[in-house]
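*Asks:* Take a look at the following structure, please.
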Amino acid sequence: MKIVLLGYMGSGKSTIGKCLATHLCIPYVDLDYFIETNEGMSISDLFEQKGVLYFRSIEAKYLKVLIAKNGNTVIALGGGTPVYGDNMSFLKNTPGVSTIYLKWPIEVLTRRLWITKNKRPLISGISSIEELEDFIRKHLFERSFVYHQADRVISPSDSPPMAAALLIAQDLDLD
């Protein structure tokens with residue numbers, strides 16, 4: 001089984017994904033890190049030097065590579081991954097793949113992202129928390145339809161990452 005976590009940036013896909021993989025004793029892969037390793041440059045540099053279209057095409061390619069690999073895996077996607085190309089359709093139509101949308105209130109995402117905004121190319125130039133909240137609201141509105149196509153929608157609230165991981169494992173009946 002491939003357990004694929006999706007959601008907006010700052011939703012805890014990486015942190016909760018690592019906890020879930022540890023709990024289930026299976027490997028964890030962060031798609032962005034996998035891309036950086038295989039391309040030999042950071043996501044920021046890929047966007048800047050090769051452009052968004054190039055990035056989205058290799059993102060889809062590496063997603064398919066990870067899904068095709070044998071064995072159970074927890075995979076954390078980038079926030080935009082399911083939205084572009086046929087990525088969500090691919091995930092939904094691939095046997096053995098279970099998609100989980102980590103859904104958080106806009107206020108929680110805004111608070112989390114404000115703290116780490118300088119590490120995130122898409123929002124590093126935003127100068128106020130109100131502007132950031134508007135940015136998130138707009139993107140969630142655009143992406144919500146795709147995110148809600150996930151097999152399961154989990155709202156972890158403010159529980160610790162391991163508690164959210166256990167909730168997912170329980171929901172998938174893996175405990």
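By convention here, the chains of the structure tokens are called A, B, ... in the order presented, each chain's residues are numbered starting at 1, and ligands are numbered starting at 1 in the order presented.
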Can you tell me, as number ranges by chain, what residues are no more than 10 Å from Pro160 of chain A when counting only C-alpha atoms, ignoring any on the same chain fewer than 5 positions away?

*Replies:* A: 15-16, 165

*Asks:* So that I have them on file, write out the residues from the current selection with N, CA, C and O atoms, as a PDB file, in the first residue's frame.

*Replies:*
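Output contents, as saved in again04.pdb:
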ATOM      1  N   THR A  15       5.870  16.062   8.553  1.00  0.00           N
ATOM      2  CA  THR A  15       5.992  15.687   9.966  1.00  0.00           C
ATOM      3  C   THR A  15       5.076  14.519  10.312  1.00  0.00           C
ATOM      4  O   THR A  15       5.509  13.525  10.912  1.00  0.00           O
ATOM      5  N   ILE A  16       3.818  14.622   9.923  1.00  0.00           N
ATOM      6  CA  ILE A  16       2.861  13.542  10.209  1.00  0.00           C
ATOM      7  C   ILE A  16       3.223  12.299   9.407  1.00  0.00           C
ATOM      8  O   ILE A  16       3.114  11.173   9.904  1.00  0.00           O
ATOM      9  N   ALA A 165      -0.966  10.935  13.208  1.00  0.00           N
ATOM     10  CA  ALA A 165      -0.548   9.720  12.500  1.00  0.00           C
ATOM     11  C   ALA A 165      -1.351   8.513  12.968  1.00  0.00           C
ATOM     12  O   ALA A 165      -1.793   7.690  12.162  1.00  0.00           O
TER      13      ALA A 165
END

*Asks:* Please provide as a PyMOL selection string all residues within 12 Å of Arg137 of chain A, with the sequence filter that same-chain residues fewer than 6 positions apart are discarded (counting only C-alpha atoms).

*Replies:* chain A and resi 8+104-110+130-131+143-144

*Asks:* Find the residues near Phe141 of chain A: any atom within 12 Å, counting only C-alpha atoms, skip ones fewer than 6 places away on the same chain, and give them as a PyMOL selection string.

*Replies:* chain A and resi 8+83+106+134-135+147-148

*Asks:* Out of segment 51-94 of chain A, which residues get alpha helix (DSSP H) from DSSP, as a PyMOL selection string?

*Replies:* chain A and resi 52-68+87-92

*Asks:* If we count only C-alpha atoms and set the cut-off at 10 Å, which residues sit around Glu59 of chain A, ignoring sequence neighbours fewer than 2 positions away in its own chain? Please answer as a VMD selection string.

*Replies:* chain A and resid 31 to 32 34 to 35 53 to 57 61 to 65 77 to 78 80 to 81 84 to 85 87

*Asks:* Just to be explicit: take each residue in the selection above, keep C-alpha atoms, and write the result as a PDB file, in the first residue's frame.

*Replies:*
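See part-v2.pdb below for the written result:
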ATOM      1  CA  LEU A  31       8.333  13.986  -2.873  1.00  0.00           C
ATOM      2  CA  ASP A  32      10.062  17.385  -2.797  1.00  0.00           C
ATOM      3  CA  PHE A  34      13.106  13.013  -3.699  1.00  0.00           C
ATOM      4  CA  ILE A  35      12.996  15.563  -6.540  1.00  0.00           C
ATOM      5  CA  LEU A  53       6.362  24.019 -16.210  1.00  0.00           C
ATOM      6  CA  TYR A  54       9.601  22.063 -15.982  1.00  0.00           C
ATOM      7  CA  PHE A  55       9.108  21.565 -12.260  1.00  0.00           C
ATOM      8  CA  ARG A  56       5.524  20.361 -12.647  1.00  0.00           C
ATOM      9  CA  SER A  57       6.519  17.887 -15.376  1.00  0.00           C
ATOM     10  CA  LYS A  61       7.362  11.933 -13.368  1.00  0.00           C
ATOM     11  CA  TYR A  62       8.898  11.369  -9.929  1.00  0.00           C
ATOM     12  CA  LEU A  63       5.468  10.830  -8.367  1.00  0.00           C
ATOM     13  CA  LYS A  64       4.873   7.991 -10.822  1.00  0.00           C
ATOM     14  CA  VAL A  65       8.331   6.576 -10.065  1.00  0.00           C
ATOM     15  CA  LEU A  77       3.328  15.403  -1.678  1.00  0.00           C
ATOM     16  CA  GLY A  78       3.990  19.050  -2.309  1.00  0.00           C
ATOM     17  CA  GLY A  80       0.431  21.738  -5.543  1.00  0.00           C
ATOM     18  CA  THR A  81       1.219  18.204  -6.677  1.00  0.00           C
ATOM     19  CA  TYR A  84      -1.427  19.866 -11.616  1.00  0.00           C
ATOM     20  CA  GLY A  85      -1.659  17.650 -14.663  1.00  0.00           C
ATOM     21  CA  ASN A  87      -1.661  13.657 -10.741  1.00  0.00           C
TER      22      ASN A  87
END

*Asks:* Could you check the closest approach to Pro161 of chain A for each of A:Cys19, A:Ile123, A:Ala76, A:Leu5 and tell me which residue wins, using only C-alpha atoms?

*Replies:*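 Answer, going by the shortest atom-to-atom distance: A:Cys19.
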
*Asks:* Can you work out which one of A:Ala169, A:Val29, A:Val52, A:Ile100 has the shortest atom-to-atom distance to Pro82 of chain A, counting only C-alpha atoms?

*Replies:*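 That would be A:Ile100, the residue with the smallest distance to Pro82 of chain A.
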